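See below for upload-v2.pdb, which holds PDB, C-alpha atoms and all ligand atoms.
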```pdb
ATOM      1  CA  MET A   1     -70.914-104.184  55.149
ATOM      2  CA  MET A   2     -68.528-102.849  57.770
ATOM      3  CA  SER A   3     -66.470-105.419  59.645
ATOM      4  CA  THR A   4     -67.035-105.472  63.382
ATOM      5  CA  ILE A   5     -65.271-106.829  66.452
ATOM      6  CA  ASP A   6     -67.481-107.925  69.364
ATOM      7  CA  VAL A   7     -66.530-106.643  72.799
ATOM      8  CA  LEU A   8     -68.672-108.295  75.492
ATOM      9  CA  SER A   9     -71.442-108.828  72.920
ATOM     10  CA  VAL A  10     -71.339-105.263  71.654
ATOM     11  CA  PRO A  11     -70.393-105.192  67.953
ATOM     12  CA  ILE A  12     -67.984-102.319  67.317
ATOM     13  CA  CYS A  13     -67.068-101.272  63.768
ATOM     14  CA  ASN A  14     -63.447-101.681  62.767
ATOM     15  CA  VAL A  15     -63.138 -98.333  61.023
ATOM     16  CA  THR A  16     -60.712 -95.455  60.918
ATOM     17  CA  ARG A  17     -61.904 -91.968  61.699
ATOM     18  CA  ALA A  18     -61.761 -91.088  57.973
ATOM     19  CA  GLU A  19     -63.813 -94.169  57.039
ATOM     20  CA  ALA A  20     -66.395 -93.374  59.726
ATOM     21  CA  CYS A  21     -66.685 -89.807  58.451
ATOM     22  CA  ASP A  22     -67.057 -90.991  54.822
ATOM     23  CA  PHE A  23     -69.766 -93.442  55.872
ATOM     24  CA  VAL A  24     -71.739 -90.720  57.670
ATOM     25  CA  TYR A  25     -71.581 -88.355  54.690
ATOM     26  CA  LYS A  26     -72.563 -91.132  52.289
ATOM     27  CA  CYS A  27     -75.710 -91.578  54.406
ATOM     28  CA  VAL A  28     -76.265 -87.812  54.523
ATOM     29  CA  ASP A  29     -76.003 -87.706  50.715
ATOM     30  CA  GLU A  30     -78.515 -90.527  50.440
ATOM     31  CA  GLY A  31     -80.884 -88.717  52.819
ATOM     32  CA  ARG A  32     -80.772 -91.548  55.345
ATOM     33  CA  ALA A  33     -81.315 -91.128  59.077
ATOM     34  CA  VAL A  34     -78.363 -92.662  60.926
ATOM     35  CA  SER A  35     -77.431 -93.255  64.535
ATOM     36  CA  ILE A  36     -73.816 -93.116  65.670
ATOM     37  CA  ALA A  37     -72.411 -94.255  69.016
ATOM     38  CA  THR A  38     -68.913 -94.139  70.485
ATOM     39  CA  ALA A  39     -68.237 -97.250  72.537
ATOM     40  CA  ASN A  40     -65.815 -97.185  75.443
ATOM     41  CA  ALA A  41     -65.375 -99.641  78.318
ATOM     42  CA  GLU A  42     -67.808 -97.761  80.508
ATOM     43  CA  MET A  43     -70.564 -97.863  77.890
ATOM     44  CA  VAL A  44     -69.932-101.538  77.132
ATOM     45  CA  MET A  45     -70.203-102.354  80.852
ATOM     46  CA  LEU A  46     -73.401-100.342  81.180
ATOM     47  CA  ALA A  47     -74.817-102.259  78.201
ATOM     48  CA  GLN A  48     -74.294-105.517  80.144
ATOM     49  CA  LYS A  49     -77.058-104.505  82.538
ATOM     50  CA  ASP A  50     -79.020-101.920  80.550
ATOM     51  CA  ARG A  51     -80.854-103.978  77.921
ATOM     52  CA  GLU A  52     -82.208-100.920  76.139
ATOM     53  CA  LEU A  53     -78.704 -99.532  75.698
ATOM     54  CA  HIS A  54     -77.478-102.921  74.474
ATOM     55  CA  GLN A  55     -80.332-103.131  71.984
ATOM     56  CA  TYR A  56     -79.532 -99.639  70.753
ATOM     57  CA  LEU A  57     -75.883-100.537  70.217
ATOM     58  CA  LEU A  58     -76.883-103.674  68.288
ATOM     59  CA  GLN A  59     -79.041-101.588  65.971
ATOM     60  CA  ALA A  60     -76.984 -98.411  65.644
ATOM     61  CA  ASP A  61     -75.695 -97.726  62.134
ATOM     62  CA  LEU A  62     -72.180 -96.939  63.307
ATOM     63  CA  VAL A  63     -70.450 -97.769  66.613
ATOM     64  CA  VAL A  64     -66.852 -96.566  66.724
ATOM     65  CA  PRO A  65     -64.057 -97.843  69.009
ATOM     66  CA  ASP A  66     -63.632 -94.991  71.482
ATOM     67  CA  GLY A  67     -61.405 -95.640  74.458
ATOM     68  CA  ALA A  68     -58.280 -97.614  75.246
ATOM     69  CA  GLY A  69     -60.311-100.384  76.917
ATOM     70  CA  VAL A  70     -62.069-101.583  73.772
ATOM     71  CA  LEU A  71     -58.777-101.605  71.830
ATOM     72  CA  TRP A  72     -57.244-103.732  74.567
ATOM     73  CA  ALA A  73     -60.274-106.054  74.637
ATOM     74  CA  ALA A  74     -59.906-106.700  70.896
ATOM     75  CA  GLU A  75     -56.207-107.496  71.375
ATOM     76  CA  GLN A  76     -57.177-110.025  74.045
ATOM     77  CA  GLN A  77     -59.082-111.876  71.313
ATOM     78  CA  GLY A  78     -56.135-111.668  68.920
ATOM     79  CA  ARG A  79     -57.900-108.972  66.888
ATOM     80  CA  ARG A  80     -56.928-105.379  66.354
ATOM     81  CA  PHE A  81     -58.948-102.240  65.668
ATOM     82  CA  LYS A  82     -57.390-100.125  62.917
ATOM     83  CA  GLU A  83     -57.366 -97.126  65.246
ATOM     84  CA  ARG A  84     -59.064 -95.517  68.179
ATOM     85  CA  VAL A  85     -61.851 -93.180  67.070
ATOM     86  CA  THR A  86     -62.874 -90.888  69.908
ATOM     87  CA  GLY A  87     -66.139 -88.999  70.049
ATOM     88  CA  VAL A  88     -64.384 -85.634  70.074
ATOM     89  CA  ASP A  89     -62.203 -86.535  67.083
ATOM     90  CA  LEU A  90     -65.042 -87.950  64.985
ATOM     91  CA  ALA A  91     -67.273 -84.984  65.864
ATOM     92  CA  CYS A  92     -64.489 -82.620  64.739
ATOM     93  CA  SER A  93     -64.073 -84.498  61.444
ATOM     94  CA  LEU A  94     -67.815 -84.332  60.819
ATOM     95  CA  LEU A  95     -67.822 -80.604  61.592
ATOM     96  CA  GLN A  96     -64.844 -79.899  59.320
ATOM     97  CA  GLU A  97     -66.564 -81.705  56.487
ATOM     98  CA  ALA A  98     -69.796 -79.843  57.326
ATOM     99  CA  ALA A  99     -67.939 -76.535  56.979
ATOM    100  CA  ALA A 100     -66.578 -77.582  53.590
ATOM    101  CA  ARG A 101     -69.988 -78.678  52.304
ATOM    102  CA  GLN A 102     -72.210 -76.218  54.179
ATOM    103  CA  THR A 103     -74.054 -79.095  55.796
ATOM    104  CA  ALA A 104     -76.660 -78.014  58.374
ATOM    105  CA  VAL A 105     -75.468 -78.741  61.923
ATOM    106  CA  TYR A 106     -77.341 -78.622  65.255
ATOM    107  CA  LEU A 107     -75.651 -78.816  68.666
ATOM    108  CA  PHE A 108     -77.853 -80.235  71.401
ATOM    109  CA  GLY A 109     -76.885 -80.809  75.036
ATOM    110  CA  GLY A 110     -74.659 -79.685  77.871
ATOM    111  CA  ALA A 111     -75.330 -77.175  80.612
ATOM    112  CA  GLU A 112     -77.026 -73.870  79.809
ATOM    113  CA  GLY A 113     -74.926 -71.890  77.330
ATOM    114  CA  VAL A 114     -72.408 -74.661  76.558
ATOM    115  CA  ALA A 115     -73.779 -75.573  73.104
ATOM    116  CA  ALA A 116     -74.093 -71.876  72.190
ATOM    117  CA  LYS A 117     -70.500 -71.219  73.295
ATOM    118  CA  ALA A 118     -69.285 -74.266  71.343
ATOM    119  CA  ALA A 119     -71.130 -72.934  68.274
ATOM    120  CA  GLU A 120     -69.500 -69.526  68.697
ATOM    121  CA  ASN A 121     -66.017 -71.064  68.963
ATOM    122  CA  LEU A 122     -66.612 -73.291  65.943
ATOM    123  CA  GLN A 123     -67.837 -70.355  63.857
ATOM    124  CA  GLN A 124     -64.659 -68.517  64.768
ATOM    125  CA  GLN A 125     -62.398 -71.453  63.938
ATOM    126  CA  MET A 126     -64.175 -72.672  60.830
ATOM    127  CA  GLY A 127     -65.803 -69.459  59.683
ATOM    128  CA  THR A 128     -68.386 -70.868  57.356
ATOM    129  CA  LEU A 129     -70.017 -73.519  59.518
ATOM    130  CA  ASN A 130     -73.795 -73.651  58.996
ATOM    131  CA  ILE A 131     -75.109 -74.086  62.544
ATOM    132  CA  VAL A 132     -78.909 -74.032  62.370
ATOM    133  CA  GLY A 133     -79.442 -74.097  66.123
ATOM    134  CA  THR A 134     -78.291 -75.017  69.613
ATOM    135  CA  HIS A 135     -80.094 -76.071  72.767
ATOM    136  CA  SER A 136     -78.923 -76.995  76.251
ATOM    137  CA  GLY A 137     -79.369 -80.539  77.492
ATOM    138  CA  PHE A 138     -81.499 -79.582  80.456
ATOM    139  CA  PHE A 139     -85.046 -79.174  79.205
ATOM    140  CA  SER A 140     -88.613 -79.923  80.287
ATOM    141  CA  ALA A 141     -91.014 -82.391  78.692
ATOM    142  CA  GLU A 142     -92.983 -79.415  77.329
ATOM    143  CA  GLU A 143     -89.907 -77.988  75.617
ATOM    144  CA  GLU A 144     -88.923 -81.225  73.899
ATOM    145  CA  PRO A 145     -91.349 -81.021  70.921
ATOM    146  CA  GLN A 146     -90.078 -77.504  70.209
ATOM    147  CA  ILE A 147     -86.476 -78.690  70.201
ATOM    148  CA  ILE A 148     -87.373 -81.514  67.817
ATOM    149  CA  GLU A 149     -89.245 -79.095  65.563
ATOM    150  CA  GLN A 150     -86.281 -76.716  65.535
ATOM    151  CA  ILE A 151     -83.928 -79.546  64.541
ATOM    152  CA  ARG A 152     -86.322 -80.747  61.818
ATOM    153  CA  SER A 153     -87.345 -77.422  60.349
ATOM    154  CA  GLY A 154     -83.738 -76.219  60.238
ATOM    155  CA  GLY A 155     -82.996 -79.083  57.844
ATOM    156  CA  THR A 156     -80.402 -80.475  60.252
ATOM    157  CA  GLN A 157     -78.189 -83.129  58.663
ATOM    158  CA  ILE A 158     -75.623 -83.523  61.440
ATOM    159  CA  LEU A 159     -76.937 -83.532  65.022
ATOM    160  CA  LEU A 160     -74.557 -83.835  67.971
ATOM    161  CA  VAL A 161     -76.418 -85.002  71.103
ATOM    162  CA  ALA A 162     -74.601 -84.451  74.403
ATOM    163  CA  LEU A 163     -76.904 -85.673  77.173
ATOM    164  CA  GLY A 164     -74.506 -88.215  78.718
ATOM    165  CA  VAL A 165     -74.650 -92.010  78.403
ATOM    166  CA  PRO A 166     -77.216 -93.658  78.175
ATOM    167  CA  LYS A 167     -79.655 -90.747  78.046
ATOM    168  CA  GLN A 168     -78.363 -89.518  74.690
ATOM    169  CA  GLU A 169     -78.545 -93.014  73.132
ATOM    170  CA  LYS A 170     -82.139 -93.457  74.277
ATOM    171  CA  TRP A 171     -83.059 -89.987  73.090
ATOM    172  CA  ILE A 172     -81.659 -90.738  69.639
ATOM    173  CA  ARG A 173     -83.451 -94.094  69.555
ATOM    174  CA  ASP A 174     -86.774 -92.445  70.461
ATOM    175  CA  HIS A 175     -86.552 -89.498  68.107
ATOM    176  CA  LEU A 176     -84.310 -90.406  65.157
ATOM    177  CA  TYR A 177     -87.200 -90.709  62.716
ATOM    178  CA  GLU A 178     -88.906 -87.484  63.826
ATOM    179  CA  LEU A 179     -85.917 -85.335  62.999
ATOM    180  CA  GLY A 180     -85.911 -85.580  59.225
ATOM    181  CA  PRO A 181     -83.024 -87.376  57.485
ATOM    182  CA  CYS A 182     -80.227 -86.628  59.873
ATOM    183  CA  ALA A 183     -77.038 -88.232  61.220
ATOM    184  CA  CYS A 184     -77.331 -88.264  65.027
ATOM    185  CA  MET A 185     -74.307 -88.873  67.156
ATOM    186  CA  GLY A 186     -74.177 -89.253  70.943
ATOM    187  CA  VAL A 187     -71.156 -87.191  71.956
ATOM    188  CA  GLY A 188     -71.057 -87.137  75.779
ATOM    189  CA  GLY A 189     -68.714 -84.429  77.001
ATOM    190  CA  THR A 190     -67.673 -83.227  73.511
ATOM    191  CA  LEU A 191     -69.589 -79.944  73.652
ATOM    192  CA  ASP A 192     -67.850 -79.168  76.951
ATOM    193  CA  VAL A 193     -64.527 -79.554  75.130
ATOM    194  CA  LEU A 194     -65.660 -77.531  72.072
ATOM    195  CA  SER A 195     -66.970 -74.761  74.333
ATOM    196  CA  GLY A 196     -63.556 -74.495  75.966
ATOM    197  CA  ASN A 197     -64.904 -75.397  79.421
ATOM    198  CA  VAL A 198     -62.965 -78.670  79.555
ATOM    199  CA  CYS A 199     -59.494 -79.373  78.179
ATOM    200  CA  ARG A 200     -58.515 -82.633  76.543
ATOM    201  CA  ALA A 201     -55.565 -84.637  77.806
ATOM    202  CA  PRO A 202     -52.188 -83.757  76.293
ATOM    203  CA  LYS A 203     -51.401 -85.609  73.038
ATOM    204  CA  TRP A 204     -48.780 -87.858  74.681
ATOM    205  CA  MET A 205     -51.343 -89.067  77.213
ATOM    206  CA  GLN A 206     -53.884 -89.738  74.459
ATOM    207  CA  GLU A 207     -51.266 -91.661  72.490
ATOM    208  CA  HIS A 208     -50.278 -93.724  75.526
ATOM    209  CA  ARG A 209     -53.919 -94.587  76.181
ATOM    210  CA  LEU A 210     -53.946 -92.495  79.353
ATOM    211  CA  GLU A 211     -56.784 -90.116  78.582
ATOM    212  CA  TRP A 212     -58.896 -91.787  81.290
ATOM    213  CA  LEU A 213     -56.202 -90.993  83.893
ATOM    214  CA  TYR A 214     -56.146 -87.341  82.873
ATOM    215  CA  ARG A 215     -59.929 -87.112  83.181
ATOM    216  CA  LEU A 216     -59.777 -88.785  86.576
ATOM    217  CA  LEU A 217     -57.132 -86.361  87.851
ATOM    218  CA  LYS A 218     -59.163 -83.390  86.593
ATOM    219  CA  GLU A 219     -62.480 -84.675  87.904
ATOM    220  CA  PRO A 220     -61.875 -87.010  90.875
ATOM    221  CA  THR A 221     -65.646 -87.497  91.204
ATOM    222  CA  ARG A 222     -65.388 -89.680  88.099
ATOM    223  CA  LEU A 223     -63.747 -92.366  90.241
ATOM    224  CA  LYS A 224     -67.058 -94.044  90.994
ATOM    225  CA  ARG A 225     -67.888 -94.261  87.285
ATOM    226  CA  MET A 226     -64.411 -95.540  86.561
ATOM    227  CA  MET A 227     -64.914 -98.526  88.820
ATOM    228  CA  ALA A 228     -66.498-100.001  85.692
ATOM    229  CA  LEU A 229     -62.991-100.357  84.225
ATOM    230  CA  PRO A 230     -61.600-103.144  86.449
ATOM    231  CA  LYS A 231     -64.942-104.928  86.052
ATOM    232  CA  PHE A 232     -64.562-104.591  82.293
ATOM    233  CA  VAL A 233     -61.042-106.066  82.407
ATOM    234  CA  ALA A 234     -62.271-108.989  84.523
ATOM    235  CA  ALA A 235     -65.262-109.624  82.246
ATOM    236  CA  VAL A 236     -63.094-109.661  79.108
ATOM    237  CA  LYS A 237     -60.549-112.018  80.719
ATOM    238  CA  TRP A 238     -63.297-114.272  82.066
ATOM    239  CA  GLY A 239     -65.037-114.344  78.670
ATOM    240  CA  ASN A 240     -61.784-115.448  77.031
ATOM    241  CA  ARG A 241     -61.299-118.201  79.594
ATOM    242  CA  GLN A 242     -64.798-119.484  78.941
ATOM    243  CA  ASN A 243     -64.006-119.574  75.220
ATOM    244  CA  ASP A 244     -60.726-121.428  75.849
ATOM    245  CA  LEU A 245     -62.560-124.072  77.863
ATOM    246  CA  ARG A 246     -65.096-124.674  75.097
TER     247      ARG A 246
HETATM  248  N1  LIG A 301     -75.959 -83.542  80.188
HETATM  249  C1  LIG A 301     -77.070 -82.911  79.659
HETATM  250  N2  LIG A 301     -78.303 -83.231  80.135
HETATM  251  C2  LIG A 301     -78.488 -84.154  81.104
HETATM  252  C3  LIG A 301     -77.357 -84.814  81.632
HETATM  253  C4  LIG A 301     -76.104 -84.490  81.144
HETATM  254  O1  LIG A 301     -76.932 -82.089  78.771
HETATM  255  O2  LIG A 301     -79.643 -84.396  81.489
HETATM  256  C5  LIG A 301     -74.647 -83.194  79.641
HETATM  257  C6  LIG A 301     -73.630 -82.704  80.639
HETATM  258  O3  LIG A 301     -73.801 -81.318  80.847
HETATM  259  C7  LIG A 301     -72.342 -83.040  79.934
HETATM  260  C8  LIG A 301     -72.687 -84.280  79.104
HETATM  261  O4  LIG A 301     -74.100 -84.360  79.105
HETATM  262  O5  LIG A 301     -72.007 -82.008  79.041
HETATM  263  C9  LIG A 301     -72.170 -85.587  79.683
HETATM  264  O6  LIG A 301     -70.870 -85.490  79.894
HETATM  265  P1  LIG A 301     -69.995 -86.682  80.440
HETATM  266  O7  LIG A 301     -68.612 -86.187  80.504
HETATM  267  O8  LIG A 301     -70.646 -87.281  81.632
HETATM  268  O9  LIG A 301     -70.202 -87.655  79.228
HETATM  269  P2  LIG A 301     -69.484 -88.970  78.799
HETATM  270  O10 LIG A 301     -68.655 -88.559  77.624
HETATM  271  O11 LIG A 301     -68.686 -89.485  79.946
HETATM  272  O12 LIG A 301     -70.666 -89.781  78.437
END
```
As C-alpha cells, what does this structure read like?
Amino acid sequence: MMSTIDVLSVPICNVTRAEACDFVYKCVDEGRAVSIATANAEMVMLAQKDRELHQYLLQADLVVPDGAGVLWAAEQQGRRFKERVTGVDLACSLLQEAAARQTAVYLFGGAEGVAAKAAENLQQQMGTLNIVGTHSGFFSAEEEPQIIEQIRSGGTQILLVALGVPKQEKWIRDHLYELGPCACMGVGGTLDVLSGNVCRAPKWMQEHRLEWLYRLLKEPTRLKRMMALPKFVAAVKWGNRQNDLR
C-alpha cells in the first residue's frame, strides 16, 4: 500500500517520480488497467466543488503531488512529500521506460496536430519509441468510438490523455475498462510541451517553486484560473485552525 497525505480531503501518494514510474510498470506487467492523476492546488480546489472529480481522485490508482501548493499544504500539517512529481516529468519517465521496453504508447489530446508533433519529436529524441497512434483532443461524439477502438486494437499500454482538467479525468473514468489493460494518465498541457509549442519554466524557477509564475507571465489569461490559489491557501489554513480547535 502506498502512503498518502490528504490535502483538503484529496489523498495524494507520497512517492518519488521513480517510485511512481515503477508502480505504473508493475501494473503494466500484471496487465492491470490503471488511472493516474497529477494533483495540484487548482485540481484540489476544483475537487472541492466537483464531486465527480473528487470521487475520481479518491478511486484513482495513483495520484502524484504535482505543484508547489500541495507540497506547501503538506508542510502546513507537519508532513512532507518526498518530492514534487510533475505531470511532464512523470510522463517523460514513463516514455523513457516505454522506449527501453518497447511498450505501446498512445498520445491523445491537444489541438489539431499537437499529439502528432509530440510523437514526431519523441521518435527523434528516443528513436525506438513504439507509438501506436495519436489523436487530437477535439473530437465529435461520433469519432469517440473509433478513437477508443484505435487505442484498444493497437495494444496500448501507456495512454497519455491531454484534454484539460477535469475533462481528461472524467474521460479516463468513463473509458478505462474499454481500452484494454492500459495505464491512463491525465497530462493536461504536457503534449503542448512535448510538441515544442510551449516551453517549460527555467530549472531555477521550477526548483524555487515558481513554475506557476512563469506560466502566468507567459499566458496572462491564466490569471482567472489562478485565483484558485489564494482560495487554496485560505482553505488549508482554515482547515488547520479547525483541527487545532478540536
Ligand atoms: N484540450 C483538448 N480538448 C479539449 C480541451 C482542452 O485537447 O476539449 C487540450 C488543450 O489543447 C491543452 C490541454 O487540453 O493542450 C489542457 O491544457 P492546460 O494547460 O489547460 O492543462 P492543465 O495542465 O492546466 O490542466
Which residues sit within 6 Å of ligand LIG 301 (chain A), counting only C-alpha atoms and all ligand atoms, listed as a ChimeraX atom specification? /A:109-111,137-138,162-165,188-189,192
Near Glu42 in chain A, within 10 Å and counting all atoms listed in the file, which residues show up once chain neighbours fewer than 3 positions away are dropped, as a count of residues only? 15
Once the PyMOL selection byres (((chain A and resi 214) around 12) and not hetatm) has been applied to the shown file, what residues remain in the selection, as a list in words? Val198, Cys199, Arg200, Ala201, Pro202, Lys203, Trp204, Met205, Gln206, His208, Arg209, Leu210, Glu211, Trp212, Leu213, Arg215, Leu216, Leu217, Lys218, Glu219, Pro220, Arg222 and Leu223 of chain A
Residue subset to file, keeping C-alpha atoms, as a short mmCIF file (atom, residue, chain, number, x, y, z; two decimals), in the coordinates of the input:
```
data_model
loop_
_atom_site.label_atom_id
_atom_site.label_comp_id
_atom_site.auth_asym_id
_atom_site.auth_seq_id
_atom_site.Cartn_x
_atom_site.Cartn_y
_atom_site.Cartn_z
CA VAL A 198 -62.96 -78.67 79.56
CA CYS A 199 -59.49 -79.37 78.18
CA ARG A 200 -58.52 -82.63 76.54
CA ALA A 201 -55.56 -84.64 77.81
CA PRO A 202 -52.19 -83.76 76.29
CA LYS A 203 -51.40 -85.61 73.04
CA TRP A 204 -48.78 -87.86 74.68
CA MET A 205 -51.34 -89.07 77.21
CA GLN A 206 -53.88 -89.74 74.46
CA HIS A 208 -50.28 -93.72 75.53
CA ARG A 209 -53.92 -94.59 76.18
CA LEU A 210 -53.95 -92.50 79.35
CA GLU A 211 -56.78 -90.12 78.58
CA TRP A 212 -58.90 -91.79 81.29
CA LEU A 213 -56.20 -90.99 83.89
CA ARG A 215 -59.93 -87.11 83.18
CA LEU A 216 -59.78 -88.78 86.58
CA LEU A 217 -57.13 -86.36 87.85
CA LYS A 218 -59.16 -83.39 86.59
CA GLU A 219 -62.48 -84.68 87.90
CA PRO A 220 -61.88 -87.01 90.88
CA ARG A 222 -65.39 -89.68 88.10
CA LEU A 223 -63.75 -92.37 90.24
#
```
Proximity of range 134-213 of chain A to range 91-95 of chain A: per-residue shortest pair, 10 Å limit, only C-alpha atoms, as JSON lines:
```
{"residue": "A:Ile158", "atom": "CA", "partner": "A:Leu94", "partner_atom": "CA", "distance": 7.9}
{"residue": "A:Leu159", "atom": "CA", "partner": "A:Ala91", "partner_atom": "CA", "distance": 9.8}
{"residue": "A:Leu160", "atom": "CA", "partner": "A:Ala91", "partner_atom": "CA", "distance": 7.7}
{"residue": "A:Met185", "atom": "CA", "partner": "A:Ala91", "partner_atom": "CA", "distance": 8.1}
{"residue": "A:Gly186", "atom": "CA", "partner": "A:Ala91", "partner_atom": "CA", "distance": 9.6}
{"residue": "A:Val187", "atom": "CA", "partner": "A:Ala91", "partner_atom": "CA", "distance": 7.6}
{"residue": "A:Thr190", "atom": "CA", "partner": "A:Ala91", "partner_atom": "CA", "distance": 7.9}
{"residue": "A:Leu191", "atom": "CA", "partner": "A:Ala91", "partner_atom": "CA", "distance": 9.6}
{"residue": "A:Leu194", "atom": "CA", "partner": "A:Cys92", "partner_atom": "CA", "distance": 9.0}
```
Looking at A:Arg32, A:Arg101, A:His54, A:Arg84, which one is nearest to Val15 in chain A, with distances taken over all atoms listed in the file?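 Checking each of A:Arg32, A:Arg101, A:His54, A:Arg84 against Val15 in chain A, counting all atoms listed in the file, the winner is A:Arg84.
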Please return, as a short mmCIF file (atom, residue, chain, number, x, y, z; two decimals) with C-alpha atoms, keeping the file's coordinate frame, all polymer residues that have at least one atom within 10 Å of the point (-85.2, -80.2, 64.9); use all atoms listed in the file and the file's own coordinate frame.
```cif
data_model
loop_
_atom_site.label_atom_id
_atom_site.label_comp_id
_atom_site.auth_asym_id
_atom_site.auth_seq_id
_atom_site.Cartn_x
_atom_site.Cartn_y
_atom_site.Cartn_z
CA TYR A 106 -77.34 -78.62 65.26
CA PHE A 108 -77.85 -80.24 71.40
CA VAL A 132 -78.91 -74.03 62.37
CA GLY A 133 -79.44 -74.10 66.12
CA THR A 134 -78.29 -75.02 69.61
CA GLU A 144 -88.92 -81.22 73.90
CA PRO A 145 -91.35 -81.02 70.92
CA GLN A 146 -90.08 -77.50 70.21
CA ILE A 147 -86.48 -78.69 70.20
CA ILE A 148 -87.37 -81.51 67.82
CA GLU A 149 -89.24 -79.10 65.56
CA GLN A 150 -86.28 -76.72 65.54
CA ILE A 151 -83.93 -79.55 64.54
CA ARG A 152 -86.32 -80.75 61.82
CA SER A 153 -87.34 -77.42 60.35
CA GLY A 154 -83.74 -76.22 60.24
CA GLY A 155 -83.00 -79.08 57.84
CA THR A 156 -80.40 -80.47 60.25
CA GLN A 157 -78.19 -83.13 58.66
CA LEU A 159 -76.94 -83.53 65.02
CA HIS A 175 -86.55 -89.50 68.11
CA GLU A 178 -88.91 -87.48 63.83
CA LEU A 179 -85.92 -85.34 63.00
CA GLY A 180 -85.91 -85.58 59.22
CA CYS A 182 -80.23 -86.63 59.87
#
```
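The space between CA of Trp72 in chain A and CA of Asn240 in chain A spans 12.8 Å.
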Please identify all polymer residues within 10 Å of Tyr56 in chain A, counting all atoms listed in the file, omitting same-chain residues fewer than 2 positions from it, and present them as a tab-separated table (two decimals) with C-alpha atoms, in the coordinates of the input.
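Output (part_4.tsv):
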```tsv
chain	number	residue	atom	x	y	z
A	10	VAL	CA	-71.34	-105.26	71.65
A	35	SER	CA	-77.43	-93.26	64.54
A	37	ALA	CA	-72.41	-94.26	69.02
A	47	ALA	CA	-74.82	-102.26	78.20
A	51	ARG	CA	-80.85	-103.98	77.92
A	52	GLU	CA	-82.21	-100.92	76.14
A	53	LEU	CA	-78.70	-99.53	75.70
A	54	HIS	CA	-77.48	-102.92	74.47
A	58	LEU	CA	-76.88	-103.67	68.29
A	59	GLN	CA	-79.04	-101.59	65.97
A	60	ALA	CA	-76.98	-98.41	65.64
A	61	ASP	CA	-75.69	-97.73	62.13
A	166	PRO	CA	-77.22	-93.66	78.18
A	169	GLU	CA	-78.54	-93.01	73.13
A	170	LYS	CA	-82.14	-93.46	74.28
A	172	ILE	CA	-81.66	-90.74	69.64
A	173	ARG	CA	-83.45	-94.09	69.56
```
Kindly compute an axis-aligned box around the listed atoms of range 18-23 of chain A, allowing 8 Å on each side, and express its centre and edge lengths in Å to one decimal as JSON.
```
{"center_x": -65.8, "center_y": -92.0, "center_z": 57.3, "size_x": 24.0, "size_y": 20.4, "size_z": 20.9}
```
Contacts of Glu30 in chain A within 12 Å, all atoms listed in the file, excl. fewer than 5 positions in-chain, as a list in words: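 Near Glu30 in chain A, the qualifying residues are Phe23, Val24, Tyr25, Gln157, Pro181, Cys182 and Ala183 of chain A.
Atom pair CA of Ala74 in chain A / CA of Val7 in chain A has a distance of 6.9 Å (rounded to one decimal).
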To one decimal place in Å, what is the distance between CA of Val28 in chain A and CA of Ser136 in chain A?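 Calculated distance between CA of Val28 in chain A and CA of Ser136 in chain A is 24.4 Å.
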Given the file shown, enumerate the residues that the PyMOL selection byres (((chain A and resi 79) around 12) and not hetatm) captures and present them as a PyMOL selection string. chain A and resi 3-7+14+70-78+80-83
From A:Gln48, A:Cys184, A:Ser140, A:Val63, residue lying nearest Trp171 in chain A [all atoms listed in the file]: A:Cys184
